[in-house]
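The file protein30.cif comes next; it holds mmCIF, C-alpha atoms.
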data_final
loop_
_atom_site.group_PDB
_atom_site.id
_atom_site.type_symbol
_atom_site.label_atom_id
_atom_site.label_comp_id
_atom_site.auth_asym_id
_atom_site.auth_seq_id
_atom_site.Cartn_x
_atom_site.Cartn_y
_atom_site.Cartn_z
ATOM 1 C CA MET U 1 0.000 0.000 0.000
ATOM 2 C CA VAL U 2 1.529 3.308 -1.131
ATOM 3 C CA ILE U 3 0.460 6.356 0.897
ATOM 4 C CA PRO U 4 1.758 9.801 -0.113
ATOM 5 C CA THR U 5 1.307 12.510 2.505
ATOM 6 C CA PHE U 6 1.976 16.212 2.845
ATOM 7 C CA ASN U 7 0.955 18.185 5.939
ATOM 8 C CA ARG U 8 -1.998 15.952 6.818
ATOM 9 C CA ALA U 9 -1.174 15.456 10.506
ATOM 10 C CA GLU U 10 -4.787 16.134 11.489
ATOM 11 C CA TYR U 11 -6.095 13.143 9.556
ATOM 12 C CA LEU U 12 -3.039 10.900 9.277
ATOM 13 C CA PRO U 13 -3.536 8.709 12.389
ATOM 14 C CA GLU U 14 -7.127 7.787 11.494
ATOM 15 C CA SER U 15 -6.098 7.148 7.897
ATOM 16 C CA LEU U 16 -3.142 4.919 8.817
ATOM 17 C CA GLU U 17 -5.148 2.962 11.375
ATOM 18 C CA SER U 18 -7.782 2.211 8.750
ATOM 19 C CA VAL U 19 -5.077 0.711 6.537
ATOM 20 C CA LEU U 20 -3.257 -1.227 9.233
ATOM 21 C CA ARG U 21 -6.416 -3.001 10.386
ATOM 22 C CA GLN U 22 -7.097 -4.422 6.924
ATOM 23 C CA GLU U 23 -7.506 -8.190 6.894
ATOM 24 C CA GLY U 24 -6.664 -10.710 4.195
ATOM 25 C CA PRO U 25 -3.366 -10.936 2.306
ATOM 26 C CA ALA U 26 -0.061 -9.939 3.860
ATOM 27 C CA PHE U 27 0.878 -6.423 2.770
ATOM 28 C CA GLU U 28 3.406 -3.668 3.355
ATOM 29 C CA VAL U 29 2.664 0.004 3.982
ATOM 30 C CA VAL U 30 4.968 2.513 2.330
ATOM 31 C CA VAL U 31 4.328 6.085 3.474
ATOM 32 C CA VAL U 32 5.990 8.784 1.392
ATOM 33 C CA ASP U 33 6.412 11.969 3.426
ATOM 34 C CA ASP U 34 6.526 14.581 0.679
ATOM 35 C CA GLY U 35 8.377 17.240 2.683
ATOM 36 C CA SER U 36 5.787 17.801 5.436
ATOM 37 C CA THR U 37 6.403 20.747 7.772
ATOM 38 C CA ASP U 38 3.756 19.876 10.386
ATOM 39 C CA GLU U 39 3.707 17.038 12.938
ATOM 40 C CA THR U 40 3.704 14.333 10.264
ATOM 41 C CA PRO U 41 7.267 13.016 10.908
ATOM 42 C CA ALA U 42 6.557 12.602 14.624
ATOM 43 C CA ILE U 43 3.284 10.808 13.929
ATOM 44 C CA LEU U 44 4.928 8.422 11.477
ATOM 45 C CA ALA U 45 7.716 7.657 13.951
ATOM 46 C CA ARG U 46 5.141 6.298 16.410
ATOM 47 C CA TYR U 47 4.299 3.419 14.084
ATOM 48 C CA GLY U 48 7.794 1.959 14.097
ATOM 49 C CA GLY U 49 8.184 -1.147 11.969
ATOM 50 C CA ALA U 50 4.485 -1.326 11.059
ATOM 51 C CA ILE U 51 5.203 1.045 8.177
ATOM 52 C CA ARG U 52 8.126 2.032 5.977
ATOM 53 C CA VAL U 53 8.701 5.754 5.590
ATOM 54 C CA VAL U 54 10.254 7.368 2.555
ATOM 55 C CA ALA U 55 11.121 10.996 3.372
ATOM 56 C CA ARG U 56 11.748 13.369 0.511
ATOM 57 C CA GLN U 57 11.581 17.002 -0.556
ATOM 58 C CA HIS U 58 8.181 18.293 -1.585
ATOM 59 C CA GLU U 59 7.494 17.600 -5.267
ATOM 60 C CA GLY U 60 3.791 16.879 -5.358
ATOM 61 C CA ILE U 61 1.536 13.862 -5.182
ATOM 62 C CA ALA U 62 2.470 12.236 -8.495
ATOM 63 C CA ALA U 63 6.184 12.272 -7.659
ATOM 64 C CA ALA U 64 5.426 10.981 -4.158
ATOM 65 C CA ARG U 65 3.322 8.144 -5.533
ATOM 66 C CA ASN U 66 6.116 7.248 -7.952
ATOM 67 C CA ALA U 67 8.614 7.161 -5.076
ATOM 68 C CA GLY U 68 6.299 4.838 -3.178
ATOM 69 C CA VAL U 69 5.932 2.499 -6.157
ATOM 70 C CA GLU U 70 9.710 2.384 -6.531
ATOM 71 C CA ALA U 71 10.115 1.487 -2.855
ATOM 72 C CA ALA U 72 7.317 -1.092 -2.798
ATOM 73 C CA ARG U 73 8.204 -4.766 -3.154
ATOM 74 C CA GLY U 74 4.859 -6.480 -3.673
ATOM 75 C CA ARG U 75 3.404 -8.123 -6.753
ATOM 76 C CA PHE U 76 0.417 -5.782 -6.572
ATOM 77 C CA ILE U 77 0.286 -2.039 -5.839
ATOM 78 C CA ALA U 78 -2.512 -0.314 -3.943
ATOM 79 C CA PHE U 79 -2.747 3.430 -3.309
ATOM 80 C CA HIS U 80 -4.285 5.330 -0.426
ATOM 81 C CA ASP U 81 -4.552 9.052 0.343
ATOM 82 C CA SER U 82 -3.475 10.125 3.826
ATOM 83 C CA ASP U 83 -6.686 12.031 4.575
ATOM 84 C CA ASP U 84 -9.009 9.242 3.421
ATOM 85 C CA VAL U 85 -10.222 6.144 5.238
ATOM 86 C CA ALA U 86 -9.739 2.593 3.930
ATOM 87 C CA LEU U 87 -12.898 0.520 4.342
ATOM 88 C CA ALA U 88 -13.267 -3.195 5.100
ATOM 89 C CA GLY U 89 -12.121 -5.356 2.207
ATOM 90 C CA ARG U 90 -9.947 -2.636 0.692
ATOM 91 C CA LEU U 91 -7.170 -5.139 -0.066
ATOM 92 C CA ALA U 92 -8.835 -8.530 0.394
ATOM 93 C CA VAL U 93 -11.559 -8.073 -2.235
ATOM 94 C CA PRO U 94 -9.390 -7.006 -5.202
ATOM 95 C CA HIS U 95 -6.531 -9.302 -4.195
ATOM 96 C CA GLU U 96 -8.771 -12.351 -4.228
ATOM 97 C CA TYR U 97 -10.029 -11.510 -7.710
ATOM 98 C CA LEU U 98 -6.617 -10.864 -9.252
ATOM 99 C CA SER U 99 -5.217 -14.010 -7.660
ATOM 100 C CA GLU U 100 -8.008 -16.093 -9.199
ATOM 101 C CA HIS U 101 -8.050 -14.260 -12.545
ATOM 102 C CA PRO U 102 -4.439 -13.747 -13.703
ATOM 103 C CA GLU U 103 -5.676 -12.528 -17.077
ATOM 104 C CA PHE U 104 -6.659 -9.263 -15.345
ATOM 105 C CA ASP U 105 -4.245 -6.616 -14.055
ATOM 106 C CA VAL U 106 -6.525 -4.007 -12.471
ATOM 107 C CA VAL U 107 -9.466 -4.073 -10.073
ATOM 108 C CA VAL U 108 -11.422 -0.858 -9.524
ATOM 109 C CA GLY U 109 -13.847 -0.460 -6.638
ATOM 110 C CA ASN U 110 -16.288 2.208 -5.547
ATOM 111 C CA GLY U 111 -16.027 4.650 -2.654
ATOM 112 C CA VAL U 112 -18.078 7.023 -0.546
ATOM 113 C CA PHE U 113 -17.799 10.689 0.362
ATOM 114 C CA LEU U 114 -17.482 11.540 4.014
ATOM 115 C CA ALA U 115 -20.041 13.986 5.334
ATOM 116 C CA SER U 116 -19.251 17.697 5.359
ATOM 117 C CA GLY U 117 -16.185 18.368 7.458
ATOM 118 C CA GLY U 118 -15.031 14.780 7.115
ATOM 119 C CA ARG U 119 -16.774 13.601 10.266
ATOM 120 C CA GLY U 120 -19.682 11.254 10.779
ATOM 121 C CA GLU U 121 -21.372 8.868 8.374
ATOM 122 C CA PRO U 122 -20.632 8.813 4.644
ATOM 123 C CA SER U 123 -22.875 11.173 2.723
ATOM 124 C CA ARG U 124 -23.096 9.600 -0.746
ATOM 125 C CA PRO U 125 -21.331 7.128 -3.063
ATOM 126 C CA TRP U 126 -18.374 8.098 -5.219
ATOM 127 C CA LEU U 127 -20.109 6.957 -8.411
ATOM 128 C CA LYS U 128 -23.739 7.535 -9.241
ATOM 129 C CA PRO U 129 -25.671 4.445 -8.111
ATOM 130 C CA GLU U 130 -27.067 3.745 -11.582
ATOM 131 C CA VAL U 131 -23.594 3.891 -13.129
ATOM 132 C CA ALA U 132 -22.008 1.711 -10.448
ATOM 133 C CA ALA U 133 -24.817 -0.848 -10.745
ATOM 134 C CA ALA U 134 -24.408 -1.036 -14.526
ATOM 135 C CA LEU U 135 -20.642 -1.584 -14.242
ATOM 136 C CA ASP U 136 -20.706 -3.986 -11.295
ATOM 137 C CA GLY U 137 -18.846 -7.233 -11.977
ATOM 138 C CA ARG U 138 -18.046 -6.235 -15.537
ATOM 139 C CA GLU U 139 -14.794 -5.905 -17.385
ATOM 140 C CA ILE U 140 -14.263 -2.208 -18.027
ATOM 141 C CA THR U 141 -12.388 -0.867 -21.024
ATOM 142 C CA PHE U 142 -10.863 2.487 -21.876
ATOM 143 C CA ARG U 143 -14.316 3.641 -22.960
ATOM 144 C CA GLU U 144 -15.805 3.223 -19.468
ATOM 145 C CA VAL U 145 -12.799 4.738 -17.691
ATOM 146 C CA PHE U 146 -12.894 7.736 -20.031
ATOM 147 C CA ARG U 147 -16.658 8.206 -19.903
ATOM 148 C CA TRP U 148 -17.083 7.892 -16.132
ATOM 149 C CA ASN U 149 -13.692 9.276 -14.998
ATOM 150 C CA LEU U 150 -12.779 6.076 -13.132
ATOM 151 C CA GLY U 151 -9.576 7.438 -11.659
ATOM 152 C CA GLN U 152 -10.135 6.597 -7.993
ATOM 153 C CA LEU U 153 -6.733 5.058 -7.212
ATOM 154 C CA GLN U 154 -7.799 4.710 -3.560
ATOM 155 C CA ALA U 155 -10.094 1.860 -4.662
ATOM 156 C CA THR U 156 -7.755 0.038 -7.039
ATOM 157 C CA LEU U 157 -5.324 -2.837 -6.936
ATOM 158 C CA ILE U 158 -2.887 -2.937 -9.849
ATOM 159 C CA SER U 159 -0.313 -5.490 -10.882
ATOM 160 C CA ARG U 160 3.154 -4.073 -10.424
ATOM 161 C CA GLU U 161 4.148 -5.268 -13.890
ATOM 162 C CA SER U 162 1.394 -3.324 -15.669
ATOM 163 C CA LEU U 163 1.902 -0.183 -13.581
ATOM 164 C CA LEU U 164 5.617 -0.066 -14.338
ATOM 165 C CA ALA U 165 4.929 -0.693 -18.022
ATOM 166 C CA VAL U 166 2.679 2.368 -18.467
ATOM 167 C CA GLY U 167 4.084 4.612 -15.710
ATOM 168 C CA PRO U 168 5.288 6.686 -14.091
ATOM 169 C CA LEU U 169 2.477 8.923 -12.895
ATOM 170 C CA SER U 170 2.742 12.336 -14.494
ATOM 171 C CA SER U 171 3.695 15.390 -12.413
ATOM 172 C CA GLU U 172 2.170 17.493 -15.193
ATOM 173 C CA PHE U 173 -1.135 17.121 -13.368
ATOM 174 C CA ILE U 174 -1.788 18.432 -9.858
ATOM 175 C CA ILE U 175 -5.200 16.797 -9.486
ATOM 176 C CA LEU U 176 -5.676 14.264 -12.286
ATOM 177 C CA ASP U 177 -2.468 12.226 -12.218
ATOM 178 C CA ASP U 178 -4.637 9.328 -11.007
ATOM 179 C CA LEU U 179 -7.106 9.457 -13.915
ATOM 180 C CA ASP U 180 -4.232 9.857 -16.363
ATOM 181 C CA ILE U 181 -2.511 6.651 -15.225
ATOM 182 C CA MET U 182 -5.806 4.752 -15.143
ATOM 183 C CA LEU U 183 -6.571 5.736 -18.730
ATOM 184 C CA ARG U 184 -3.122 4.620 -19.846
ATOM 185 C CA LEU U 185 -3.589 1.318 -18.023
ATOM 186 C CA ALA U 186 -6.994 0.790 -19.624
ATOM 187 C CA LEU U 187 -5.510 1.114 -23.106
ATOM 188 C CA ARG U 188 -3.211 -1.885 -22.583
ATOM 189 C CA TYR U 189 -4.487 -4.017 -19.719
ATOM 190 C CA ARG U 190 -7.692 -5.680 -18.587
ATOM 191 C CA ALA U 191 -9.651 -4.235 -15.689
ATOM 192 C CA VAL U 192 -12.795 -5.124 -13.774
ATOM 193 C CA PHE U 193 -15.124 -2.986 -11.637
ATOM 194 C CA PHE U 194 -16.886 -3.979 -8.419
ATOM 195 C CA ASN U 195 -19.586 -1.861 -6.834
ATOM 196 C CA ARG U 196 -18.051 -2.271 -3.401
ATOM 197 C CA PRO U 197 -17.109 0.825 -1.340
ATOM 198 C CA LEU U 198 -13.408 0.403 -0.558
ATOM 199 C CA PHE U 199 -12.531 3.898 0.641
ATOM 200 C CA ALA U 200 -14.116 6.975 2.193
ATOM 201 C CA TYR U 201 -13.091 10.286 0.641
ATOM 202 C CA ARG U 202 -12.690 13.403 2.733
ATOM 203 C CA ARG U 203 -13.463 16.623 0.912
ATOM 204 C CA ASP U 204 -11.345 19.649 1.788
ATOM 205 C CA GLY U 205 -13.370 22.837 1.528
ATOM 206 C CA VAL U 206 -10.326 25.087 1.147
ATOM 207 C CA GLY U 207 -9.925 26.590 -2.308
ATOM 208 C CA VAL U 208 -12.915 24.753 -3.765
ATOM 209 C CA THR U 209 -13.545 27.283 -6.540
ATOM 210 C CA GLN U 210 -9.896 27.390 -7.551
ATOM 211 C CA ASN U 211 -9.704 23.602 -7.574
ATOM 212 C CA ARG U 212 -12.836 23.324 -9.720
ATOM 213 C CA MET U 213 -11.282 25.536 -12.369
ATOM 214 C CA LEU U 214 -7.973 23.702 -12.182
ATOM 215 C CA LEU U 215 -9.822 20.393 -12.457
ATOM 216 C CA ARG U 216 -11.573 21.576 -15.621
ATOM 217 C CA GLU U 217 -8.324 22.829 -17.133
ATOM 218 C CA GLU U 218 -6.498 19.609 -16.324
ATOM 219 C CA SER U 219 -9.289 17.430 -17.715
ATOM 220 C CA ILE U 220 -9.000 19.281 -21.020
ATOM 221 C CA ARG U 221 -5.212 18.997 -21.139
ATOM 222 C CA LEU U 222 -5.307 15.345 -20.124
ATOM 223 C CA ALA U 223 -7.673 14.390 -22.958
ATOM 224 C CA GLU U 224 -5.710 16.428 -25.501
ATOM 225 C CA ARG U 225 -2.399 14.873 -24.474
ATOM 226 C CA LEU U 226 -3.849 11.391 -24.447
ATOM 227 C CA LEU U 227 -5.173 11.778 -27.995
ATOM 228 C CA ARG U 228 -1.858 13.204 -29.154
ATOM 229 C CA GLU U 229 0.254 10.444 -27.600
ATOM 230 C CA HIS U 230 -2.221 7.569 -27.924
ATOM 231 C CA PRO U 231 -4.330 8.039 -31.057
ATOM 232 C CA GLU U 232 -5.405 4.415 -30.650
ATOM 233 C CA MET U 233 -7.844 5.684 -28.009
ATOM 234 C CA LEU U 234 -10.155 6.431 -30.935
ATOM 235 C CA ASP U 235 -10.579 2.665 -31.315
ATOM 236 C CA HIS U 236 -12.613 2.933 -28.090
ATOM 237 C CA VAL U 237 -14.089 6.445 -28.256
ATOM 238 C CA ALA U 238 -15.506 7.934 -31.449
ATOM 239 C CA LYS U 239 -13.860 11.178 -32.522
ATOM 240 C CA ALA U 240 -17.249 12.897 -32.627
ATOM 241 C CA ASP U 241 -17.930 11.874 -29.014
ATOM 242 C CA TYR U 242 -14.476 13.055 -27.979
ATOM 243 C CA ASP U 243 -15.031 16.446 -29.667
ATOM 244 C CA ARG U 244 -18.444 16.908 -28.038
ATOM 245 C CA ARG U 245 -17.052 16.131 -24.607
ATOM 246 C CA GLN U 246 -14.120 18.493 -25.018
ATOM 247 C CA ALA U 247 -16.442 21.218 -26.305
ATOM 248 C CA ARG U 248 -18.595 20.901 -23.160
ATOM 249 C CA ARG U 249 -15.495 21.140 -20.980
ATOM 250 C CA TYR U 250 -14.299 24.272 -22.782
ATOM 251 C CA ALA U 251 -17.752 25.861 -22.514
ATOM 252 C CA ARG U 252 -17.902 25.207 -18.765
ATOM 253 C CA LEU U 253 -14.371 26.524 -18.380
ATOM 254 C CA ALA U 254 -15.469 29.683 -20.209
ATOM 255 C CA GLU U 255 -18.298 30.120 -17.698
ATOM 256 C CA MET U 256 -15.914 29.690 -14.772
ATOM 257 C CA ARG U 257 -13.428 32.174 -16.172
ATOM 258 C CA GLN U 258 -16.197 34.657 -16.858
ATOM 259 C CA GLU U 259 -17.418 34.350 -13.261
ATOM 260 C CA ALA U 260 -13.843 34.960 -12.108
ATOM 261 C CA GLY U 261 -13.647 38.128 -14.228
ATOM 262 C CA ASP U 262 -11.233 36.679 -16.799
ATOM 263 C CA ILE U 263 -13.111 37.705 -19.945
ATOM 264 C CA ALA U 264 -10.129 37.199 -22.258
ATOM 265 C CA GLY U 265 -9.632 33.690 -20.917
ATOM 266 C CA ALA U 266 -13.350 32.982 -21.224
ATOM 267 C CA ARG U 267 -13.361 34.099 -24.877
ATOM 268 C CA LYS U 268 -10.403 31.839 -25.627
ATOM 269 C CA ALA U 269 -12.136 28.858 -24.027
ATOM 270 C CA ILE U 270 -15.468 29.367 -25.775
ATOM 271 C CA ALA U 271 -13.653 29.785 -29.098
ATOM 272 C CA GLU U 272 -12.281 26.271 -28.613
ATOM 273 C CA ALA U 273 -15.774 24.991 -27.832
ATOM 274 C CA CYS U 274 -17.058 26.551 -31.057
ATOM 275 C CA ARG U 275 -14.193 25.037 -33.042
ATOM 276 C CA LEU U 276 -14.967 21.576 -31.729
ATOM 277 C CA ALA U 277 -18.750 21.935 -32.095
ATOM 278 C CA PRO U 278 -19.287 24.585 -34.803
ATOM 279 C CA ARG U 279 -23.024 23.902 -35.119
ATOM 280 C CA HIS U 280 -23.784 24.300 -31.414
ATOM 281 C CA VAL U 281 -25.966 27.416 -31.191
ATOM 282 C CA GLY U 282 -25.520 27.812 -27.451
ATOM 283 C CA TYR U 283 -21.742 28.033 -27.704
ATOM 284 C CA ARG U 284 -21.965 30.572 -30.505
ATOM 285 C CA LEU U 285 -24.337 32.734 -28.475
ATOM 286 C CA GLN U 286 -22.028 32.449 -25.474
ATOM 287 C CA ALA U 287 -19.115 33.565 -27.646
ATOM 288 C CA LEU U 288 -21.130 36.497 -28.989
ATOM 289 C CA ALA U 289 -22.084 37.645 -25.498
ATOM 290 C CA LEU U 290 -18.442 37.537 -24.398
ATOM 291 C CA THR U 291 -17.386 39.519 -27.466
ATOM 292 C CA VAL U 292 -19.952 42.221 -26.644
ATOM 293 C CA ARG U 293 -18.736 42.376 -23.033
ATOM 294 C CA SER U 294 -15.160 42.655 -24.197
ATOM 295 C CA ARG U 295 -15.968 45.548 -26.546
ATOM 296 C CA ARG U 296 -17.779 47.348 -23.755
ATOM 297 C CA GLY U 297 -14.688 47.001 -21.618
ATOM 298 C CA GLU U 298 -16.486 45.013 -18.928
#
Show me this structure written as structure tokens.
Amino acid sequence: MVIPTFNRAEYLPESLESVLRQEGPAFEVVVVDDGSTDETPAILARYGGAIRVVARQHEGIAAARNAGVEAARGRFIAFHDSDDVALAGRLAVPHEYLSEHPEFDVVVGNGVFLASGGRGEPSRPWLKPEVAAALDGREITFREVFRWNLGQLQATLISRESLLAVGPLSSEFIILDDLDIMLRLALRYRAVFFNRPLFAYRRDGVGVTQNRMLLREESIRLAERLLREHPEMLDHVAKADYDRRQARRYARLAEMRQEAGDIAGARKAIAEACRLAPRHVGYRLQALALTVRSRRGE
């Protein structure tokens, strides 16, 4: 189990305890302290030989995850975030499946969101119930990972061989390094989904608006890079569907930038939406409205 952490002392003990009480296969816990400046080192020291700590300078979550993978020695790699909670069966369920089905390399599970503030009972499932029910027990391809953004590494178990073959995780992305690696895995290896909650996700309310915009920007860049580097993705996703999805992302990004007062950035984003979906009347009207605002100096 690879656990990157950076200044999460408030949540780290609960998170680690949830991992260490997992039952089933023997496993190691590799915690990568990504240059924490809070009480994290002292907390980790309390666990002694129950965990292995890799201390390093702060370089971000993707680099920390890569360091953990390099240090790990197991046949399978699981990831966990240091402010989340691992639920019962987190390792046992996917490990049993991969052990019995060697033709597969990836198991993806579901998760739940913790209630506001990260305390109390889970508030709702990670995936929409109708989507999770439709995917349950099925082999999932690139198409499903791309369509439903199945990048929840906290609910996966991945063969070390496949992860090393498509890795490392990309530090180009601050938020979506997990979805990026999952999409690359789905292009080459077989995966299965189980509608079993394997982790509880704690939302951090700090900088929500900024993160939403960054998430939209990264999702656009991720899809563009993937198409550029892996044109074979179009064997799974029709180009017209890809263009429509990217157009929607650009249009929503334009709205966010407009709300933030970045009219020039909004015009650039909606221009991309119009290029990808030239017949979409709504995008053209949105572009026209932004042009009028720009000429008025608003």
Starting from the PyMOL selection byres ((chain U and resi 91) around 9), expand the selection into actual residues of this file and give them as a PDB file with C-alpha atoms, in the coordinates of the input.
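In the end it all went to expr15.pdb:
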ATOM      1  CA  MET U   1       0.000   0.000   0.000  1.00  0.00           C
ATOM      2  CA  GLN U  22      -7.097  -4.422   6.924  1.00  0.00           C
ATOM      3  CA  GLU U  23      -7.506  -8.190   6.894  1.00  0.00           C
ATOM      4  CA  GLY U  24      -6.664 -10.710   4.195  1.00  0.00           C
ATOM      5  CA  PRO U  25      -3.366 -10.936   2.306  1.00  0.00           C
ATOM      6  CA  PHE U  27       0.878  -6.423   2.770  1.00  0.00           C
ATOM      7  CA  ALA U  78      -2.512  -0.314  -3.943  1.00  0.00           C
ATOM      8  CA  ALA U  88     -13.267  -3.195   5.100  1.00  0.00           C
ATOM      9  CA  GLY U  89     -12.121  -5.356   2.207  1.00  0.00           C
ATOM     10  CA  ARG U  90      -9.947  -2.636   0.692  1.00  0.00           C
ATOM     11  CA  ALA U  92      -8.835  -8.530   0.394  1.00  0.00           C
ATOM     12  CA  VAL U  93     -11.559  -8.073  -2.235  1.00  0.00           C
ATOM     13  CA  PRO U  94      -9.390  -7.006  -5.202  1.00  0.00           C
ATOM     14  CA  HIS U  95      -6.531  -9.302  -4.195  1.00  0.00           C
ATOM     15  CA  GLU U  96      -8.771 -12.351  -4.228  1.00  0.00           C
ATOM     16  CA  ALA U 155     -10.094   1.860  -4.662  1.00  0.00           C
ATOM     17  CA  THR U 156      -7.755   0.038  -7.039  1.00  0.00           C
ATOM     18  CA  LEU U 157      -5.324  -2.837  -6.936  1.00  0.00           C
ATOM     19  CA  LEU U 198     -13.408   0.403  -0.558  1.00  0.00           C
TER      20      LEU U 198
END
Can you list, as a ChimeraX atom specification, the residues that the PyMOL selection byres ((chain U and resi 64) around 10) selects here?
/U:2-6,31-35,54-63,65-70,169,171
Compare U:Glu10, U:Glu229, U:Glu218, U:Glu161 by their minimum atom-to-atom distance to Phe104 in chain U, counting all atoms listed in the file, and give me the closest one.
U:Glu161
Using only C-alpha atoms, which of U:Ala269, U:Met182, U:Leu164, U:Ala134 sits nearest Arg75 in chain U?
U:Leu164
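Excluding Glu217 in chain U itself and same-chain residues fewer than 5 positions from it, the residues having an atom within 12 Å of it are Glu172, Phe173, Ile174, Ile175, Leu176, Gln210, Asn211, Arg212, Leu222, Ala223, Glu224, Gln246, Arg249, Tyr250, Ala251, Arg252, Leu253, Ala254, Met256, Arg257, Gly265 and Ala269 of chain U, counting all atoms listed in the file.
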Computed gap from CA of His230 in chain U to CA of Lys268 in chain U is 25.7 Å
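Restricting the calculation to all atoms listed in the file, the smallest distance between Ala238 in chain U and any of U:Asp262, U:Glu130, U:Phe146, U:Asp81 is found for U:Phe146.
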